[in-house]
Amino acid sequence: MANRGEEVWQAKAACRGPHSVVFFPPSRAERKDERMARERSAKEICRTCPVVKSCLDYAVRIREANGIWGGLNEAERKQIVERGVAGPRAAASA
Ligand code: SF4
């Protein structure tokens, strides 16, 4: 996700711009179906992103707790951390 941290790869992020709002939950309560639709939209953007591997590696490395990063949501990244695996296979399986 662009605009977070100082990583060089973020300059090439497909999520830069106004549509970046779908990468994080809104400040109000979000129903499950709304969350699923929002995450689907974010993941579609991630699938076009040239820096998906760097993004996912970064999010896993810093244990980012919120949002869609590298095509994965929080729970999906947590599974990677628990398995001790990160990289292109993890992103491709999302
Ligand atoms: S992989 Fe997704 S969250 Fe990460 S920089 Fe690309 S579009 Fe943004």
# chains A, B, ... in the order shown; residues from 1 in each chain; ligands from 1
$ residues_near_ligand --ligand "ligand 1" --cutoff "8 Å" --atoms "only C-alpha atoms and all ligand atoms" --output "PDB file with N, CA and C atoms, in the first residue's frame"
ATOM      1  N   MET A   1       0.850  -1.180   0.000  1.00  0.00           N
ATOM      2  CA  MET A   1       0.000   0.000   0.000  1.00  0.00           C
ATOM      3  C   MET A   1       0.886   1.231   0.000  1.00  0.00           C
ATOM      4  N   ALA A   2       0.649   2.147  -0.889  1.00  0.00           N
ATOM      5  CA  ALA A   2       1.482   3.341  -1.021  1.00  0.00           C
ATOM      6  C   ALA A   2       1.246   4.308   0.127  1.00  0.00           C
ATOM      7  N   TRP A   9       9.957   0.808  -3.454  1.00  0.00           N
ATOM      8  CA  TRP A   9       8.998   0.141  -4.331  1.00  0.00           C
ATOM      9  C   TRP A   9       7.635   0.819  -4.313  1.00  0.00           C
ATOM     10  N   GLN A  10       7.332   1.566  -3.267  1.00  0.00           N
ATOM     11  CA  GLN A  10       6.006   2.179  -3.150  1.00  0.00           C
ATOM     12  C   GLN A  10       5.731   3.194  -4.258  1.00  0.00           C
ATOM     13  N   LYS A  12       6.032   2.696  -7.252  1.00  0.00           N
ATOM     14  CA  LYS A  12       5.449   1.970  -8.381  1.00  0.00           C
ATOM     15  C   LYS A  12       4.128   1.295  -8.010  1.00  0.00           C
ATOM     16  N   ALA A  13       3.627   1.551  -6.830  1.00  0.00           N
ATOM     17  CA  ALA A  13       2.429   0.863  -6.334  1.00  0.00           C
ATOM     18  C   ALA A  13       1.197   1.186  -7.169  1.00  0.00           C
ATOM     19  N   ALA A  14       0.442   0.153  -7.499  1.00  0.00           N
ATOM     20  CA  ALA A  14      -0.793   0.335  -8.273  1.00  0.00           C
ATOM     21  C   ALA A  14      -1.898   0.967  -7.431  1.00  0.00           C
ATOM     22  N   CYS A  15      -1.724   0.996  -6.123  1.00  0.00           N
ATOM     23  CA  CYS A  15      -2.776   1.509  -5.243  1.00  0.00           C
ATOM     24  C   CYS A  15      -2.628   2.990  -4.922  1.00  0.00           C
ATOM     25  N   ARG A  16      -1.684   3.643  -5.557  1.00  0.00           N
ATOM     26  CA  ARG A  16      -1.537   5.076  -5.313  1.00  0.00           C
ATOM     27  C   ARG A  16      -2.756   5.800  -5.876  1.00  0.00           C
ATOM     28  N   SER A  20      -7.200   4.166  -3.118  1.00  0.00           N
ATOM     29  CA  SER A  20      -6.494   3.502  -2.019  1.00  0.00           C
ATOM     30  C   SER A  20      -7.395   3.300  -0.800  1.00  0.00           C
ATOM     31  N   PHE A  23      -8.326  -0.226   0.595  1.00  0.00           N
ATOM     32  CA  PHE A  23      -7.314  -1.097   1.197  1.00  0.00           C
ATOM     33  C   PHE A  23      -7.411  -1.177   2.716  1.00  0.00           C
ATOM     34  N   ALA A  42      -9.757  -4.313  -3.582  1.00  0.00           N
ATOM     35  CA  ALA A  42      -8.337  -4.045  -3.323  1.00  0.00           C
ATOM     36  C   ALA A  42      -7.459  -5.127  -3.943  1.00  0.00           C
ATOM     37  N   LYS A  43      -7.853  -6.372  -3.786  1.00  0.00           N
ATOM     38  CA  LYS A  43      -7.050  -7.477  -4.317  1.00  0.00           C
ATOM     39  C   LYS A  43      -6.996  -7.457  -5.839  1.00  0.00           C
ATOM     40  N   ILE A  45      -6.832  -4.773  -7.592  1.00  0.00           N
ATOM     41  CA  ILE A  45      -5.790  -3.782  -7.877  1.00  0.00           C
ATOM     42  C   ILE A  45      -4.414  -4.409  -7.644  1.00  0.00           C
ATOM     43  N   CYS A  46      -4.281  -5.150  -6.557  1.00  0.00           N
ATOM     44  CA  CYS A  46      -3.001  -5.812  -6.269  1.00  0.00           C
ATOM     45  C   CYS A  46      -2.585  -6.749  -7.406  1.00  0.00           C
ATOM     46  N   ARG A  47      -3.545  -7.393  -8.027  1.00  0.00           N
ATOM     47  CA  ARG A  47      -3.207  -8.328  -9.109  1.00  0.00           C
ATOM     48  C   ARG A  47      -2.577  -7.620 -10.306  1.00  0.00           C
ATOM     49  N   THR A  48      -2.775  -6.311 -10.411  1.00  0.00           N
ATOM     50  CA  THR A  48      -2.174  -5.559 -11.521  1.00  0.00           C
ATOM     51  C   THR A  48      -0.880  -4.872 -11.097  1.00  0.00           C
ATOM     52  N   CYS A  49      -0.497  -5.045  -9.859  1.00  0.00           N
ATOM     53  CA  CYS A  49       0.587  -4.242  -9.288  1.00  0.00           C
ATOM     54  C   CYS A  49       1.964  -4.851  -9.591  1.00  0.00           C
ATOM     55  N   PRO A  50       2.891  -4.044 -10.076  1.00  0.00           N
ATOM     56  CA  PRO A  50       4.222  -4.561 -10.407  1.00  0.00           C
ATOM     57  C   PRO A  50       5.112  -4.808  -9.184  1.00  0.00           C
ATOM     58  N   VAL A  51       4.669  -4.374  -8.022  1.00  0.00           N
ATOM     59  CA  VAL A  51       5.527  -4.516  -6.839  1.00  0.00           C
ATOM     60  C   VAL A  51       4.856  -5.370  -5.756  1.00  0.00           C
ATOM     61  N   VAL A  52       4.009  -6.283  -6.188  1.00  0.00           N
ATOM     62  CA  VAL A  52       3.244  -7.076  -5.222  1.00  0.00           C
ATOM     63  C   VAL A  52       4.155  -7.884  -4.298  1.00  0.00           C
ATOM     64  N   LYS A  53       5.236  -8.444  -4.815  1.00  0.00           N
ATOM     65  CA  LYS A  53       6.113  -9.245  -3.970  1.00  0.00           C
ATOM     66  C   LYS A  53       6.809  -8.377  -2.922  1.00  0.00           C
ATOM     67  N   SER A  54       7.321  -7.225  -3.354  1.00  0.00           N
ATOM     68  CA  SER A  54       7.990  -6.324  -2.402  1.00  0.00           C
ATOM     69  C   SER A  54       7.013  -5.853  -1.337  1.00  0.00           C
ATOM     70  N   CYS A  55       5.794  -5.566  -1.751  1.00  0.00           N
ATOM     71  CA  CYS A  55       4.770  -5.100  -0.819  1.00  0.00           C
ATOM     72  C   CYS A  55       4.450  -6.166   0.217  1.00  0.00           C
ATOM     73  N   LEU A  56       4.240  -7.372  -0.253  1.00  0.00           N
ATOM     74  CA  LEU A  56       3.917  -8.450   0.688  1.00  0.00           C
ATOM     75  C   LEU A  56       5.092  -8.736   1.608  1.00  0.00           C
ATOM     76  N   ILE A  68      -5.074  -4.390   3.294  1.00  0.00           N
ATOM     77  CA  ILE A  68      -4.634  -5.293   2.232  1.00  0.00           C
ATOM     78  C   ILE A  68      -3.248  -4.843   1.787  1.00  0.00           C
ATOM     79  N   TRP A  69      -2.325  -5.754   1.843  1.00  0.00           N
ATOM     80  CA  TRP A  69      -0.942  -5.512   1.389  1.00  0.00           C
ATOM     81  C   TRP A  69      -0.515  -6.725   0.565  1.00  0.00           C
ATOM     82  N   GLY A  70       0.078  -6.489  -0.573  1.00  0.00           N
ATOM     83  CA  GLY A  70       0.572  -7.603  -1.383  1.00  0.00           C
ATOM     84  C   GLY A  70      -0.513  -8.590  -1.758  1.00  0.00           C
ATOM     85  N   GLY A  71      -1.722  -8.130  -1.854  1.00  0.00           N
ATOM     86  CA  GLY A  71      -2.833  -8.990  -2.262  1.00  0.00           C
ATOM     87  C   GLY A  71      -3.417  -9.837  -1.151  1.00  0.00           C
TER      88      GLY A  71
END
$ select_by_dssp --residues "segment 33-80 of chain A" --states "alpha helix (DSSP H)" --output "MDAnalysis selection string"
chainID A and resid 33:46 52:61 74:80
$ residues_around --residues "Ile62 of chain A" --least-positions-apart "2" --cutoff "12 Å" --atoms "only C-alpha atoms" --output "VMD selection string"
chain A and resid 4 to 5 7 55 to 60 64 to 66 69 77 to 78 81
$ atom_distance --atom1 "atom CA of Glu74 of chain A" --atom2 "atom CA of Arg38 of chain A"
13.6 Å
$ atom_distance --atom1 "atom CA of Ser41 of chain A" --atom2 "atom CA of His19 of chain A"
9.3 Å
$ atom_distance --atom1 "atom CA of Gln79 of chain A" --atom2 "atom CA of Arg63 of chain A"
11.4 Å
$ decode --residues "chain A" --atoms "C-alpha atoms" --output "compact mmCIF listing (two decimals), in the first residue's frame"
# COMPACT_ATOMS: atom_id res chain seq x y z
CA MET A 1 0.00 0.00 0.00
CA ALA A 2 1.48 3.34 -1.02
CA ASN A 3 2.07 6.32 1.26
CA ARG A 4 3.26 4.23 4.19
CA GLY A 5 6.89 4.02 5.19
CA GLU A 6 9.84 4.99 3.05
CA GLU A 7 10.17 1.94 0.81
CA VAL A 8 11.37 2.68 -2.76
CA TRP A 9 9.00 0.14 -4.33
CA GLN A 10 6.01 2.18 -3.15
CA ALA A 11 6.58 4.70 -5.95
CA LYS A 12 5.45 1.97 -8.38
CA ALA A 13 2.43 0.86 -6.33
CA ALA A 14 -0.79 0.33 -8.27
CA CYS A 15 -2.78 1.51 -5.24
CA ARG A 16 -1.54 5.08 -5.31
CA GLY A 17 -4.33 7.59 -5.66
CA PRO A 18 -7.96 7.99 -4.62
CA HIS A 19 -8.90 4.29 -4.86
CA SER A 20 -6.49 3.50 -2.02
CA VAL A 21 -9.46 3.83 0.36
CA VAL A 22 -10.50 0.23 -0.37
CA PHE A 23 -7.31 -1.10 1.20
CA PHE A 24 -8.37 -0.30 4.76
CA PRO A 25 -11.59 -0.65 6.75
CA PRO A 26 -13.70 2.49 7.09
CA SER A 27 -13.87 4.34 10.40
CA ARG A 28 -17.50 3.25 10.80
CA ALA A 29 -18.64 -0.32 11.38
CA GLU A 30 -18.36 -2.53 8.30
CA ARG A 31 -20.63 -5.48 7.58
CA LYS A 32 -19.03 -8.75 6.51
CA ASP A 33 -20.38 -8.48 2.96
CA GLU A 34 -19.09 -4.91 2.70
CA ARG A 35 -15.67 -5.99 3.93
CA MET A 36 -15.55 -8.86 1.47
CA ALA A 37 -16.48 -6.57 -1.44
CA ARG A 38 -13.94 -3.96 -0.37
CA GLU A 39 -11.18 -6.52 -0.01
CA ARG A 40 -12.06 -8.04 -3.39
CA SER A 41 -11.70 -4.60 -4.99
CA ALA A 42 -8.34 -4.05 -3.32
CA LYS A 43 -7.05 -7.48 -4.32
CA GLU A 44 -8.04 -6.84 -7.94
CA ILE A 45 -5.79 -3.78 -7.88
CA CYS A 46 -3.00 -5.81 -6.27
CA ARG A 47 -3.21 -8.33 -9.11
CA THR A 48 -2.17 -5.56 -11.52
CA CYS A 49 0.59 -4.24 -9.29
CA PRO A 50 4.22 -4.56 -10.41
CA VAL A 51 5.53 -4.52 -6.84
CA VAL A 52 3.24 -7.08 -5.22
CA LYS A 53 6.11 -9.25 -3.97
CA SER A 54 7.99 -6.32 -2.40
CA CYS A 55 4.77 -5.10 -0.82
CA LEU A 56 3.92 -8.45 0.69
CA ASP A 57 7.46 -9.03 1.90
CA TYR A 58 7.44 -5.61 3.56
CA ALA A 59 4.06 -6.10 5.24
CA VAL A 60 5.09 -9.50 6.55
CA ARG A 61 8.47 -8.19 7.71
CA ILE A 62 6.99 -5.32 9.72
CA ARG A 63 4.03 -7.45 10.85
CA GLU A 64 1.57 -4.92 9.41
CA ALA A 65 -1.67 -5.53 11.29
CA ASN A 66 -4.19 -3.76 9.08
CA GLY A 67 -5.32 -3.57 5.51
CA ILE A 68 -4.63 -5.29 2.23
CA TRP A 69 -0.94 -5.51 1.39
CA GLY A 70 0.57 -7.60 -1.38
CA GLY A 71 -2.83 -8.99 -2.26
CA LEU A 72 -3.48 -10.42 1.18
CA ASN A 73 -5.58 -9.32 4.12
CA GLU A 74 -4.52 -9.40 7.76
CA ALA A 75 -5.58 -12.98 8.43
CA GLU A 76 -3.90 -14.25 5.27
CA ARG A 77 -0.63 -12.50 6.15
CA LYS A 78 -0.82 -13.84 9.68
CA GLN A 79 -0.91 -17.36 8.24
CA ILE A 80 2.28 -16.60 6.32
CA VAL A 81 3.98 -15.33 9.48
CA GLU A 82 2.88 -18.42 11.38
CA ARG A 83 4.17 -20.70 8.64
CA GLY A 84 7.38 -18.67 8.40
CA VAL A 85 6.91 -18.25 4.66
CA ALA A 86 6.78 -15.14 2.48
CA GLY A 87 7.32 -14.57 -1.18
CA PRO A 88 5.78 -14.95 -4.60
CA ARG A 89 4.10 -18.28 -3.91
CA ALA A 90 2.21 -16.75 -1.01
CA ALA A 91 1.02 -13.82 -3.11
CA ALA A 92 0.12 -16.01 -6.05
CA SER A 93 -2.07 -18.23 -3.92
CA ALA A 94 -4.20 -15.29 -2.75
